[in-house]
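*Asks:* Before we start, here is the structure in question, set down as structure tokens.
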Number of protein chains: 2
Amino acid sequence: MPKTGQIQDPASTRQRILDAAEELFADHGFDGVSIRQITARAGVELALANYHFGPKQDLFVAVITRRADALNSERRRLLESLPEPPTVEGLIDAFSRPFLEKSVHGGPGWKSYARLIAQTANAARWTRDIMTAQFDPIAEAFLAGMRRALPHAGEEDLYWGFHFLVGAMTLMFAETGRIDALSGGRFRAGDLERIHARLIPFMAAGYRALAQA
Amino acid sequence: MPKTGQIQDPASTRQRILDAAEELFADHGFDGVSIRQITARAGVELALANYHFGPKQDLFVAVITRRADALNSERRRLLESLPEPPTVEGLIDAFSRPFLEKSVHGGPGWKSYARLIAQTANAARWTRDIMTAQFDPIAEAFLAGMRRALPHAGEEDLYWGFHFLVGAMTLMFAETGRIDALSGGRFRAGDLERIHARLIPFMAAGYRALAQA
DNA sequence: GATAGAATTAAACGAACGTTCAAGCAAGAG
DNA sequence: CTCTTGCTTGAACGTTCGTTTAATTCTATC
């Protein structure tokens with residue numbers, strides 16, 4: 001005879017599964033994690049993952065999209081509050097600061113999410129389409145702003161400059177610890193504010209160098 | 001009664017397995033590929049992977065290390081041929097050009113290798129230790145050169161500048177096609193020379209901005 | 001041409017995988 | 001109270017996984 005089957009809260013069950021999946025996907029990748037591991041960490045039964053989210057791929061999509069909205073709406077708010085025309089520094093800050101704030105003050109889930117985004121963006125798989133759908137609209141807004149901030153820059157410069165920025169940001173927020181090892185512990189990936197304070201002038205100078213060439 | 005068991009060349013068998021593993025690992029990640037898929041693509045029997053390389057993890061390490069030596073020795077050669085003190089542009093070029101040349105003229109295996117490196121570097125897993133062992137020594141040489149090129153720069157600026165450079169390079173050589181979609185096909189990830197021509201002044205200006213701050 | 005060792009083959013092992021299913025339980029509506 | 005609906009449970013399905021084994025074939029050396 002089956003046991004109790006206590007229902008505490010369906011929404012809580014969904015969130016616990018998402019939290020566990022987020023952390024495990026970030027650490028081991030989509031194929032490196034089993035649904036059994038996820039539900040075990042979430043403290044729920046195996047079949048509940050499939051009941052609430054469908055196949056494993058849909059669960060992965062749910063993890064990605066959950067925080068993307070909050071992130072991008074904040075980015076858009078900051079982008080739209082910039083002066084006209086915006087400055088290069090203002091654009092880069094508006095684009096990067098929401099992730100910085102969430103990473104530092106948003107709880108441990110946001111750190112997992114950053115690692116997950118990093119490894120999903122750099123992978124060449126079906127997961128890339130999810131990233132495109134989630135983050136390309138805000139990228140268009142950023143590019144439009146940069147077009148007004150640097151009216152003499154070539155179109156190609158704007159796109160590849162954005163590419164460099166995204167690559168650096170992605171690695172930065174992933175907090176891989178590469179620099180920790182390389183510097184013998186003198187500098188730490190967790191000091192996101194110190195890194196971010198350098199990211200803005202670094203990338204702004206890079207953009208301007210392209211625009212003037 | 002078993003069939004022929006033709007031996008064509010043990011070294012060839014090893015290389016075919018490495019080539020197949022390289023491409024599949026790059027496209028689907030370590031856990032997204034089975035040894036059966038690898039040996040099937042290589043056109044060899046399943047058990048040969050284990051016979052020649054041992055467990056799956058050792059095969060992955062063999063794939064990573066195979067091209068790392070050629071890459072880093074070329075990087076070191078270019079770094080040591082720079083004038084003293086070196087220029088910022090010269091350092092960035094010496095660090096990035098070998099990957100560019102291999103990617104453009106080195107055959108399709110090098111493109112797979114670039115995607116594999118990108119996704120391994122941005123993952124937070126046991127694979128990161130392999131990357132550290134393979135690429136940290138050359139990173140030290142690059143940092144030492146930058147220390148002489150920008151003697152007034154702070155140590156922390158040098159490290160995080162390197163971090164930004166690596167993030168941008170990684171995403172660039174991975175050729176994820178993100179900009180292709182974002183620009184509506186106007187600019188393509190495969191135009192590595194055009195991107196590289198912008199990477200150097202972009203990153204050099206970023207480094208100088210940090211050094212002067 | 002016999003022999004030793006390396007390479008290859010075919011088959012099998014137990015374990016873990018994603019997914020499904022029928023049955024049991026809780027809670028609100030009538 | 002009865003019934004319906006949504007959530008949960010435990011077990012099972014067939015498939016695929018990494019690895020191992022024993023037998024067989026090729027190559028090289030004497």
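Ligands are numbered from 1 in the order shown, residues from 1 within each chain, and chains are lettered A, B, ... in the order they appear in the structure tokens.
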Could I have chain B as a tab-separated table (two decimals) with C-alpha atoms, in the first residue's frame after it is superimposed on chain A by least squares, pairing all C-alpha atoms in sequence order?

*Replies:*
```
chain	number	residue	atom	x	y	z
B	1	MET	CA	-0.18	0.12	0.30
B	2	PRO	CA	1.38	3.43	-0.77
B	3	LYS	CA	2.44	6.01	1.74
B	4	THR	CA	1.18	9.45	2.58
B	5	GLY	CA	1.63	11.49	-0.60
B	6	GLN	CA	1.68	14.79	1.22
B	7	ILE	CA	0.96	17.82	-0.89
B	8	GLN	CA	2.65	20.84	0.59
B	9	ASP	CA	2.45	23.25	-2.32
B	10	PRO	CA	2.58	22.59	-6.04
B	11	ALA	CA	4.35	25.87	-6.70
B	12	SER	CA	6.96	25.01	-4.09
B	13	THR	CA	7.54	21.64	-5.71
B	14	ARG	CA	8.09	23.29	-9.06
B	15	GLN	CA	10.54	25.80	-7.60
B	16	ARG	CA	12.52	23.16	-5.72
B	17	ILE	CA	12.90	21.16	-8.90
B	18	LEU	CA	13.97	24.26	-10.82
B	19	ASP	CA	16.48	25.23	-8.13
B	20	ALA	CA	18.02	21.78	-8.01
B	21	ALA	CA	18.11	21.50	-11.80
B	22	GLU	CA	19.70	24.93	-12.10
B	23	GLU	CA	22.57	24.10	-9.79
B	24	LEU	CA	23.20	20.64	-11.19
B	25	PHE	CA	22.95	21.70	-14.83
B	26	ALA	CA	25.39	24.52	-14.11
B	27	ASP	CA	27.90	22.18	-12.53
B	28	HIS	CA	27.68	19.19	-14.85
B	29	GLY	CA	25.86	20.22	-18.02
B	30	PHE	CA	22.61	19.01	-19.49
B	31	ASP	CA	23.79	15.48	-20.21
B	32	GLY	CA	25.85	15.20	-17.06
B	33	VAL	CA	22.83	15.27	-14.79
B	34	SER	CA	20.03	12.74	-14.45
B	35	ILE	CA	16.47	13.52	-13.53
B	36	ARG	CA	16.97	11.21	-10.59
B	37	GLN	CA	19.79	13.41	-9.28
B	38	ILE	CA	17.65	16.51	-9.71
B	39	THR	CA	14.60	15.16	-7.94
B	40	ALA	CA	16.74	13.65	-5.20
B	41	ARG	CA	18.35	17.02	-4.49
B	42	ALA	CA	14.97	18.71	-4.65
B	43	GLY	CA	13.60	16.19	-2.17
B	44	VAL	CA	10.72	15.13	-4.40
B	45	GLU	CA	9.77	11.97	-6.22
B	46	LEU	CA	11.27	11.13	-9.59
B	47	ALA	CA	8.06	11.28	-11.59
B	48	LEU	CA	7.24	14.80	-10.42
B	49	ALA	CA	9.81	16.34	-12.73
B	50	ASN	CA	8.10	14.88	-15.74
B	51	TYR	CA	4.65	15.69	-14.39
B	52	HIS	CA	5.38	19.38	-13.88
B	53	PHE	CA	7.79	20.10	-16.73
B	54	GLY	CA	7.47	17.33	-19.28
B	55	PRO	CA	10.62	15.92	-20.94
B	56	LYS	CA	14.10	16.74	-19.69
B	57	GLN	CA	14.71	19.28	-22.44
B	58	ASP	CA	11.63	21.24	-21.41
B	59	LEU	CA	12.88	21.34	-17.85
B	60	PHE	CA	16.17	22.76	-19.09
B	61	VAL	CA	14.32	25.44	-21.04
B	62	ALA	CA	12.28	26.28	-17.97
B	63	VAL	CA	15.47	26.76	-15.96
B	64	ILE	CA	16.97	29.08	-18.55
B	65	THR	CA	13.87	31.18	-19.07
B	66	ARG	CA	12.94	31.55	-15.41
B	67	ARG	CA	15.53	34.22	-14.63
B	68	ALA	CA	15.94	35.62	-18.14
B	69	ASP	CA	12.86	37.79	-17.92
B	70	ALA	CA	13.86	39.50	-14.67
B	71	LEU	CA	17.35	40.04	-16.01
B	72	ASN	CA	16.36	41.49	-19.35
B	73	SER	CA	13.58	43.72	-18.07
B	74	GLU	CA	16.05	45.31	-15.67
B	75	ARG	CA	18.55	45.70	-18.49
B	76	ARG	CA	15.93	47.34	-20.65
B	77	ARG	CA	14.89	49.67	-17.88
B	78	LEU	CA	18.48	50.85	-17.42
B	79	LEU	CA	19.05	51.18	-21.16
B	80	GLU	CA	15.95	53.34	-21.54
B	81	SER	CA	16.94	55.58	-18.64
B	82	LEU	CA	20.20	56.60	-20.33
B	83	PRO	CA	20.58	60.14	-21.73
B	84	GLU	CA	20.28	60.71	-25.44
B	85	PRO	CA	22.66	60.04	-27.01
B	86	PRO	CA	23.93	57.54	-24.46
B	87	THR	CA	27.59	57.23	-23.52
B	88	VAL	CA	29.61	54.12	-24.23
B	89	GLU	CA	30.24	53.62	-20.53
B	90	GLY	CA	26.56	54.06	-19.73
B	91	LEU	CA	25.55	51.42	-22.25
B	92	ILE	CA	28.06	48.86	-21.02
B	93	ASP	CA	27.04	49.51	-17.44
B	94	ALA	CA	23.35	49.19	-18.21
B	95	PHE	CA	24.00	45.94	-20.02
B	96	SER	CA	26.22	44.37	-17.37
B	97	ARG	CA	25.07	45.79	-14.03
B	98	PRO	CA	21.85	43.77	-13.65
B	99	PHE	CA	23.81	40.53	-13.82
B	100	LEU	CA	26.34	41.97	-11.40
B	101	GLU	CA	23.69	42.98	-8.88
B	102	LYS	CA	21.86	39.67	-9.11
B	103	SER	CA	25.09	37.73	-8.81
B	104	VAL	CA	26.22	39.62	-5.73
B	105	HIS	CA	22.93	40.18	-3.92
B	106	GLY	CA	20.45	37.90	-5.65
B	107	GLY	CA	21.20	34.70	-3.79
B	108	PRO	CA	23.12	31.55	-4.74
B	109	GLY	CA	20.72	30.62	-7.50
B	110	TRP	CA	21.95	33.52	-9.59
B	111	LYS	CA	25.55	32.30	-9.38
B	112	SER	CA	24.49	28.91	-10.65
B	113	TYR	CA	22.50	30.63	-13.36
B	114	ALA	CA	25.57	32.57	-14.47
B	115	ARG	CA	27.62	29.39	-14.79
B	116	LEU	CA	24.78	27.78	-16.68
B	117	ILE	CA	24.49	30.68	-19.10
B	118	ALA	CA	28.24	30.66	-19.70
B	119	GLN	CA	28.38	27.03	-20.62
B	120	THR	CA	25.19	27.19	-22.65
B	121	ALA	CA	26.31	30.23	-24.64
B	122	ASN	CA	29.65	28.69	-25.51
B	123	ALA	CA	28.24	25.30	-26.48
B	124	ALA	CA	27.34	24.50	-30.06
B	125	ARG	CA	24.09	22.64	-29.59
B	126	TRP	CA	20.32	22.91	-29.52
B	127	THR	CA	20.62	24.89	-26.30
B	128	ARG	CA	22.03	27.81	-28.27
B	129	ASP	CA	18.64	28.44	-29.85
B	130	ILE	CA	17.17	28.99	-26.42
B	131	MET	CA	19.85	31.57	-25.67
B	132	THR	CA	19.20	33.38	-28.92
B	133	ALA	CA	15.49	33.60	-28.27
B	134	GLN	CA	16.02	34.84	-24.73
B	135	PHE	CA	18.85	37.33	-25.15
B	136	ASP	CA	18.90	38.58	-28.73
B	137	PRO	CA	16.16	41.18	-28.28
B	138	ILE	CA	18.05	42.97	-25.52
B	139	ALA	CA	21.22	42.69	-27.58
B	140	GLU	CA	19.49	44.56	-30.38
B	141	ALA	CA	18.58	47.35	-27.97
B	142	PHE	CA	22.18	47.56	-26.77
B	143	LEU	CA	23.49	47.70	-30.33
B	144	ALA	CA	21.02	50.40	-31.23
B	145	GLY	CA	22.23	52.47	-28.32
B	146	MET	CA	25.87	51.97	-29.25
B	147	ARG	CA	25.05	53.03	-32.79
B	148	ARG	CA	23.91	56.37	-31.41
B	149	ALA	CA	26.79	56.65	-28.93
B	150	LEU	CA	29.38	56.08	-31.65
B	151	PRO	CA	27.74	57.43	-34.81
B	152	HIS	CA	31.00	57.27	-36.77
B	153	ALA	CA	31.71	53.63	-35.98
B	154	GLY	CA	31.25	51.04	-38.69
B	155	GLU	CA	28.48	48.51	-38.36
B	156	GLU	CA	30.90	45.62	-38.29
B	157	ASP	CA	32.88	47.23	-35.49
B	158	LEU	CA	29.74	47.52	-33.39
B	159	TYR	CA	28.87	43.86	-33.78
B	160	TRP	CA	32.30	42.42	-33.08
B	161	GLY	CA	32.80	44.81	-30.20
B	162	PHE	CA	29.60	43.47	-28.74
B	163	HIS	CA	30.91	39.96	-29.29
B	164	PHE	CA	34.08	40.74	-27.33
B	165	LEU	CA	32.04	42.28	-24.54
B	166	VAL	CA	29.76	39.28	-24.27
B	167	GLY	CA	32.68	36.87	-24.24
B	168	ALA	CA	34.40	38.73	-21.44
B	169	MET	CA	31.20	39.16	-19.42
B	170	THR	CA	30.29	35.52	-19.79
B	171	LEU	CA	33.62	34.31	-18.50
B	172	MET	CA	33.61	36.92	-15.75
B	173	PHE	CA	30.22	36.02	-14.31
B	174	ALA	CA	30.89	32.30	-14.63
B	175	GLU	CA	33.48	32.68	-11.86
B	176	THR	CA	35.50	29.78	-13.13
B	177	GLY	CA	38.40	30.51	-10.77
B	178	ARG	CA	40.94	30.54	-13.56
B	179	ILE	CA	42.53	33.78	-12.36
B	180	ASP	CA	42.50	32.55	-8.78
B	181	ALA	CA	44.81	29.72	-9.74
B	182	LEU	CA	46.85	31.81	-12.16
B	183	SER	CA	47.50	34.57	-9.64
B	184	GLY	CA	48.18	32.19	-6.79
B	185	GLY	CA	45.06	33.35	-4.98
B	186	ARG	CA	45.95	37.05	-5.07
B	187	PHE	CA	42.87	37.87	-7.15
B	188	ARG	CA	39.56	36.12	-6.90
B	189	ALA	CA	36.74	35.51	-9.35
B	190	GLY	CA	34.25	36.30	-6.60
B	191	ASP	CA	35.31	39.96	-6.42
B	192	LEU	CA	32.79	40.82	-9.09
B	193	GLU	CA	32.62	44.51	-8.23
B	194	ARG	CA	36.37	44.92	-8.64
B	195	ILE	CA	36.26	43.14	-11.98
B	196	HIS	CA	33.22	45.08	-13.12
B	197	ALA	CA	34.92	48.37	-12.25
B	198	ARG	CA	37.60	47.38	-14.79
B	199	LEU	CA	35.26	45.88	-17.36
B	200	ILE	CA	33.59	49.19	-18.16
B	201	PRO	CA	36.65	51.35	-18.96
B	202	PHE	CA	38.32	48.40	-20.66
B	203	MET	CA	35.43	47.72	-23.01
B	204	ALA	CA	34.65	51.39	-23.56
B	205	ALA	CA	38.22	52.06	-24.66
B	206	GLY	CA	38.08	49.05	-26.94
B	207	TYR	CA	34.90	50.27	-28.59
B	208	ARG	CA	36.35	53.75	-29.09
B	209	ALA	CA	39.51	52.33	-30.61
B	210	LEU	CA	37.42	50.50	-33.20
B	211	ALA	CA	35.30	53.57	-33.90
B	212	GLN	CA	38.33	55.76	-34.51
B	213	ALA	CA	40.23	53.36	-36.71
```

*Asks:* Can you tell me, as a PyMOL selection string, what residues are no more than 12 Å from DA15 (chain C) when counting only C-alpha atoms (C1' of nucleotides), ignoring any on the same chain fewer than 2 positions away?

*Replies:* (chain C and resi 13+17) or (chain D and resi 16-19)

*Asks:* Please measure the separation of C1' of DA11 (chain D) and C1' of DC25 (chain C), giving the value in Å to one decimal.

*Replies:*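 Separation between C1' of DA11 (chain D) and C1' of DC25 (chain C): 17.3 Å.
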
*Asks:* Hey, list the chain C side of the contact with chain A: 12 Å cut-off, only C-alpha atoms (C1' of nucleotides), answer as a list in words.

*Replies:*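 On the chain C side, the interface is DA16, DC17, DG18, DT19, DT20, DC21, DA22, DA23, DG24, DC25, DA26 and DA27 of chain C.
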
*Asks:* Output C-alpha atoms (C1' of nucleotides) for every residue in the selection just made, as a compact mmCIF listing (two decimals), in the first residue's frame.

*Replies:*
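Result file result.txt:
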```txt
# COMPACT_ATOMS: atom_id res chain seq x y z
C1' DA C 16 21.83 3.84 -14.83
C1' DC C 17 19.04 6.31 -18.04
C1' DG C 18 14.29 8.96 -19.52
C1' DT C 19 9.77 8.05 -19.50
C1' DT C 20 5.27 5.97 -18.41
C1' DC C 21 1.53 4.07 -15.69
C1' DA C 22 -1.96 2.78 -12.37
C1' DA C 23 -3.15 3.61 -7.92
C1' DG C 24 -3.44 6.56 -3.71
C1' DC C 25 -4.06 10.93 -1.44
C1' DA C 26 -5.53 15.90 -0.43
C1' DA C 27 -8.66 19.62 -1.00
```

*Asks:* Write out as a PyMOL selection string all residues of region 3-194 of chain A that DSSP puts in alpha helix (DSSP H) for this structure's backbone.

*Replies:* chain A and resi 10-28+35-42+46-53+56-80+88-105+108-121+127-149+155-174+178-182+192-194

*Asks:* Kindly provide, as number ranges by chain, the residues of chain D having any atom no farther than 12 Å from an atom of chain A, counting only C-alpha atoms (C1' of nucleotides).

*Replies:* D: 6-11
